[in-house]
Structure formats: C-alpha cells, structure tokens
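Asks: Sharing a structure here in structure tokens format.
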Amino acid sequence: MTTPPPKYRAPALDKGLDILELLARDARPMTMSEISQGIGRSRGEIFRMLQVLEERGYLSKGGPGEGGYVLTNRLFMLGMQQPQVQNVTELALPVMRRLADAIRQPCHLVAPSDDQIVVIAQVDVPSDLGLVVRPGHRRPLAHSTSGLVLFAFQQPDAQARLLQRLDASDVPYERAAFLAAAAQVRTLGYSIHASEAVVGVIDLTAPILQHGSASYTLTVPFIERRPQQIDAQAAMQAVCAAAAEITAALGG
C-alpha cells in the first residue's frame, strides 16, 4: 500500500528535523559531509541550517580534533518541561531518594523514546562507589534492561509497533532472544540482568505502570561491594516496592 504524500510541505523544517533525527540516532560527532550523505541532501542545502541550529543551541561542534556536529541537551531540556514529565519526576524523586538511601545504590528513571530509552531522572548516594547514569543518557531499546522491561509490559498491539521500529532500525538485535527474554520478564514482573553497557554491573529494573502498560522504568545499576551491604535479590525487592509506590502515585 502506497503511503500518501504529506498534505503540506515545509522544506526548511524538513531539513532541520532530518538533521536532528540523524544526529540523535548516531551519538558520534558527524561532519557536514556525513550529515549531507546521511539525509540525502547537498552540503549547500544544509550549510545554513547547521549554522542556525548551532546558533540556537541545538547543535555544537565536537571536541578538539573531532571536527563534527553533535546534539546538545537542548531538546532533552525542552522535553523535560512537559507537564507529564515534570509530574512523574516530582512524584518519583522522593521515592527514589528513599530507595537509594535504603540500599546504598544509585537509581534512575527511564522513559521510552521511539526505538531508544532515555534517562529522565537520577538519584545518587553519598558513597565513594557507584555507577551514576546521568539524565539525557540514551541507549537502543533492544540493548538495555530498561528497554526490555518497557517492551515486556506493553499491550500486544504496542509491542507489534515497537518491533516494527526495532526491525527497521540500523541497530541489529536478536529478535527471538529479545522476545524470549521479554516473556520471562513479564512472568517475573521485573528484570535482573547483567548490564550490556558496563561489565560487572547488574541492572535491577521494575516497570512503572499506567493503564496496565509500562510508561517508565526504575533501574538500579547494582554493584556488589565488599563487605556486602545488601544482595541483589534483596535490592530487587526494594526496587519493585519503589516502582509500585510510584505507580500508585501516578494512579496506575
């Protein structure tokens, strides 16, 4: 079935959005030539657009020697100003602080973002050891424990739409293994899974539900310490209790 052409065209806006979406998918600095190739437009077409986006604070030049453009956190900060996001962070942060103090481990709140996940809030602990994941951090949904849990607690139609995005993404993933892991998470109600990003870290993740589906997740990047203060299973129970408290506060 052929997709109907858009009713209205705004070429300059299309170019700007194409640039932002390309840089959001690829975290490395990209040169003008790479951006031109990536969105299928000439350097002349995007030169002024890059200048304006940089002047408005949406892009910046990479570090010394990198010679490319990267996204700033401006879009993320705009998203954080949405009432819904402000509401969940305001409700979640006191619960997250109590959790972090109780288990002596940091924690963070995650939201879905297309075929990725993004950290929207984080709580540290006054400790000399712990993995802190800063707000704004992104990872492919299929390559994160938070993404797995978000997927596991969706209705079948929403899962089908997410799978279409994952299959169309440039980031490869093992579909059968992902679905099997999601089914197991759905049965357990949470996930204890070795971090795909950091060796030696165990991600403890529980869903925060609204209308029966996961809108967010609560994750603790658990590091076992010596002497042991709390084991992963006990910490997981505390994470589940905190996620349930946030769910209740949101009316889930």
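Starting from 1 in every chain, residues are counted up; chains themselves are A, B, ... following the order of the structure tokens, and ligands are numbered from 1 as listed.
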So that I can check the surroundings of Ile192 (chain A), please list as a count of residues only every protein, DNA and RNA residue that reaches within 8 Å of it, counting only C-alpha atoms and ignoring chain neighbours fewer than 6 positions away.
Replies: 5
Asks: Do a neighbour search on region 144-146 of chain A at 12 Å with only C-alpha atoms, toss out local chain neighbours closer than 6 positions, and write the hits as an NGL selection string.
Replies: :A and (107-113 or 115-119 or 137-138 or 152-153 or 173 or 178 or 181-182 or 185 or 190-198 or 201-208 or 214-221)
Asks: The selected residues should be written to file as a tab-separated table (two decimals), in the first residue's frame (atoms: N, CA and C atoms).
Replies:
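See selection39.tsv below for the written result:
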```
chain	number	residue	atom	x	y	z
A	107	CYS	N	20.07	5.15	41.61
A	107	CYS	CA	18.98	4.65	40.77
A	107	CYS	C	18.61	5.72	39.76
A	108	HIS	N	17.93	5.30	38.71
A	108	HIS	CA	17.49	6.27	37.70
A	108	HIS	C	16.15	5.88	37.11
A	109	LEU	N	15.47	6.89	36.58
A	109	LEU	CA	14.15	6.74	35.99
A	109	LEU	C	14.29	6.84	34.48
A	110	VAL	N	13.65	5.91	33.76
A	110	VAL	CA	13.82	5.81	32.31
A	110	VAL	C	12.48	5.93	31.61
A	111	ALA	N	12.48	6.61	30.47
A	111	ALA	CA	11.29	6.73	29.62
A	111	ALA	C	11.63	6.22	28.22
A	112	PRO	N	10.62	5.73	27.48
A	112	PRO	CA	10.87	5.32	26.09
A	112	PRO	C	10.98	6.54	25.19
A	113	SER	N	11.77	6.41	24.13
A	113	SER	CA	11.92	7.48	23.14
A	113	SER	C	12.11	6.82	21.78
A	115	ASP	N	12.73	4.16	19.32
A	115	ASP	CA	13.35	2.85	19.48
A	115	ASP	C	14.54	2.92	20.44
A	116	GLN	N	14.52	3.94	21.33
A	116	GLN	CA	15.56	4.09	22.34
A	116	GLN	C	14.93	4.27	23.71
A	117	ILE	N	15.79	4.29	24.72
A	117	ILE	CA	15.36	4.69	26.06
A	117	ILE	C	16.18	5.92	26.44
A	118	VAL	N	15.61	6.75	27.32
A	118	VAL	CA	16.32	7.93	27.78
A	118	VAL	C	16.13	8.07	29.29
A	119	VAL	N	17.21	8.38	29.99
A	119	VAL	CA	17.15	8.60	31.44
A	119	VAL	C	16.61	10.01	31.68
A	137	HIS	N	21.01	10.41	29.13
A	137	HIS	CA	21.69	9.23	28.57
A	137	HIS	C	20.70	8.39	27.77
A	138	ARG	N	21.11	7.98	26.58
A	138	ARG	CA	20.27	7.17	25.70
A	138	ARG	C	20.97	5.86	25.35
A	152	ALA	N	8.32	-5.43	27.56
A	152	ALA	CA	7.62	-6.59	28.14
A	152	ALA	C	6.25	-6.20	28.68
A	153	PHE	N	6.14	-4.99	29.20
A	153	PHE	CA	4.88	-4.57	29.82
A	153	PHE	C	4.10	-3.61	28.92
A	173	TYR	N	19.66	-6.56	16.35
A	173	TYR	CA	19.35	-7.22	17.61
A	173	TYR	C	18.83	-8.61	17.31
A	178	PHE	N	15.31	-11.62	22.21
A	178	PHE	CA	14.68	-10.46	22.84
A	178	PHE	C	13.25	-10.79	23.27
A	181	ALA	N	13.28	-13.20	26.27
A	181	ALA	CA	13.64	-12.50	27.50
A	181	ALA	C	12.48	-11.64	27.99
A	182	ALA	N	11.76	-11.00	27.05
A	182	ALA	CA	10.62	-10.16	27.42
A	182	ALA	C	9.51	-11.00	28.05
A	185	VAL	N	10.52	-11.74	31.60
A	185	VAL	CA	10.37	-10.54	32.43
A	185	VAL	C	8.90	-10.33	32.79
A	190	TYR	N	9.75	-8.26	36.82
A	190	TYR	CA	10.94	-7.41	36.93
A	190	TYR	C	12.07	-8.07	36.15
A	191	SER	N	13.24	-7.42	36.13
A	191	SER	CA	14.39	-8.00	35.45
A	191	SER	C	15.66	-7.80	36.28
A	192	ILE	N	16.40	-8.88	36.46
A	192	ILE	CA	17.77	-8.84	36.99
A	192	ILE	C	18.66	-9.31	35.86
A	193	HIS	N	19.43	-8.40	35.30
A	193	HIS	CA	20.15	-8.72	34.08
A	193	HIS	C	21.51	-8.03	34.07
A	194	ALA	N	22.54	-8.75	33.67
A	194	ALA	CA	23.87	-8.15	33.55
A	194	ALA	C	23.82	-6.99	32.56
A	195	SER	N	24.41	-5.88	32.94
A	195	SER	CA	24.40	-4.70	32.07
A	195	SER	C	25.12	-5.00	30.76
A	196	GLU	N	24.51	-4.57	29.67
A	196	GLU	CA	25.15	-4.73	28.36
A	196	GLU	C	26.18	-3.64	28.13
A	197	ALA	N	26.10	-2.57	28.92
A	197	ALA	CA	26.98	-1.42	28.71
A	197	ALA	C	28.23	-1.45	29.59
A	198	VAL	N	28.11	-2.01	30.82
A	198	VAL	CA	29.22	-1.95	31.77
A	198	VAL	C	29.43	-3.33	32.39
A	201	VAL	N	28.33	-4.85	36.32
A	201	VAL	CA	27.12	-4.18	36.83
A	201	VAL	C	25.91	-5.03	36.52
A	202	ILE	N	25.01	-5.16	37.49
A	202	ILE	CA	23.76	-5.88	37.29
A	202	ILE	C	22.62	-4.86	37.31
A	203	ASP	N	21.86	-4.80	36.23
A	203	ASP	CA	20.72	-3.88	36.17
A	203	ASP	C	19.51	-4.52	36.86
A	204	LEU	N	19.01	-3.83	37.86
A	204	LEU	CA	17.78	-4.25	38.55
A	204	LEU	C	16.68	-3.30	38.09
A	205	THR	N	15.70	-3.81	37.37
A	205	THR	CA	14.71	-2.94	36.73
A	205	THR	C	13.29	-3.42	36.98
A	206	ALA	N	12.42	-2.47	37.34
A	206	ALA	CA	10.99	-2.77	37.55
A	206	ALA	C	10.16	-1.75	36.77
A	207	PRO	N	8.99	-2.16	36.28
A	207	PRO	CA	8.15	-1.24	35.50
A	207	PRO	C	7.35	-0.30	36.38
A	208	ILE	N	7.10	0.89	35.85
A	208	ILE	CA	6.15	1.83	36.44
A	208	ILE	C	4.97	1.88	35.48
A	214	ALA	N	3.67	-0.28	30.80
A	214	ALA	CA	4.82	0.42	31.37
A	214	ALA	C	5.03	1.75	30.66
A	215	SER	N	4.95	2.84	31.41
A	215	SER	CA	5.26	4.16	30.88
A	215	SER	C	6.71	4.54	31.16
A	216	TYR	N	7.24	3.99	32.26
A	216	TYR	CA	8.61	4.28	32.69
A	216	TYR	C	9.16	3.02	33.35
A	217	THR	N	10.45	3.05	33.63
A	217	THR	CA	11.05	2.00	34.46
A	217	THR	C	11.93	2.64	35.52
A	218	LEU	N	12.10	1.93	36.60
A	218	LEU	CA	13.02	2.31	37.67
A	218	LEU	C	14.16	1.31	37.66
A	219	THR	N	15.39	1.80	37.56
A	219	THR	CA	16.55	0.91	37.42
A	219	THR	C	17.63	1.27	38.43
A	220	VAL	N	18.20	0.23	39.01
A	220	VAL	CA	19.39	0.36	39.86
A	220	VAL	C	20.55	-0.35	39.17
A	221	PRO	N	21.63	0.37	38.81
A	221	PRO	CA	22.83	-0.29	38.29
A	221	PRO	C	23.62	-0.84	39.48
```
Asks: Tell me which of A:Gly136, A:Gly40, A:Pro29, A:Gly189 sits closest to Asp14 (chain A), counting only C-alpha atoms.
Replies: A:Gly40
Asks: Find the residue from A:Gly57, A:Pro126, A:Gly200, A:Gly68 that sits nearest to Glu34 (chain A); use only C-alpha atoms when measuring.
Replies: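 Nearest to Glu34 (chain A): A:Gly68.
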Asks: Between CA of Leu166 (chain A) and CA of Ala142 (chain A), measure the distance and give it in Å to one decimal.
Replies: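 Separation between CA of Leu166 (chain A) and CA of Ala142 (chain A): 7.4 Å.
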Asks: Excluding region 243-247 of chain A and its own-chain neighbours fewer than 2 positions away, which residues fall within 8 Å of it when counting only C-alpha atoms? Please give them as a PyMOL selection string.
Replies: chain A and resi 91-92+95+206-210+217-218+239-241+249-252
Asks: Would you save the residues of that selection, restricted to C-alpha atoms, as a PDB file, in the first residue's frame?
Replies:
```pdb
ATOM      1  CA  LEU A  91       6.403  12.166  42.275  1.00  0.00           C
ATOM      2  CA  ALA A  92       9.273   9.741  41.698  1.00  0.00           C
ATOM      3  CA  VAL A  95      10.688   7.613  46.421  1.00  0.00           C
ATOM      4  CA  ALA A 206      10.988  -2.767  37.547  1.00  0.00           C
ATOM      5  CA  PRO A 207       8.148  -1.240  35.495  1.00  0.00           C
ATOM      6  CA  ILE A 208       6.149   1.831  36.438  1.00  0.00           C
ATOM      7  CA  LEU A 209       2.671   1.213  35.069  1.00  0.00           C
ATOM      8  CA  GLN A 210      -0.118   3.425  33.806  1.00  0.00           C
ATOM      9  CA  THR A 217      11.050   2.005  34.463  1.00  0.00           C
ATOM     10  CA  LEU A 218      13.021   2.309  37.673  1.00  0.00           C
ATOM     11  CA  VAL A 239      13.229  -1.626  43.597  1.00  0.00           C
ATOM     12  CA  CYS A 240       9.904  -3.395  42.931  1.00  0.00           C
ATOM     13  CA  ALA A 241       8.360  -1.835  46.036  1.00  0.00           C
ATOM     14  CA  ALA A 249       1.172   7.832  42.990  1.00  0.00           C
ATOM     15  CA  LEU A 250       0.612   8.161  39.242  1.00  0.00           C
ATOM     16  CA  GLY A 251      -2.762   6.445  39.544  1.00  0.00           C
ATOM     17  CA  GLY A 252      -1.545   3.334  37.734  1.00  0.00           C
TER      18      GLY A 252
END
```
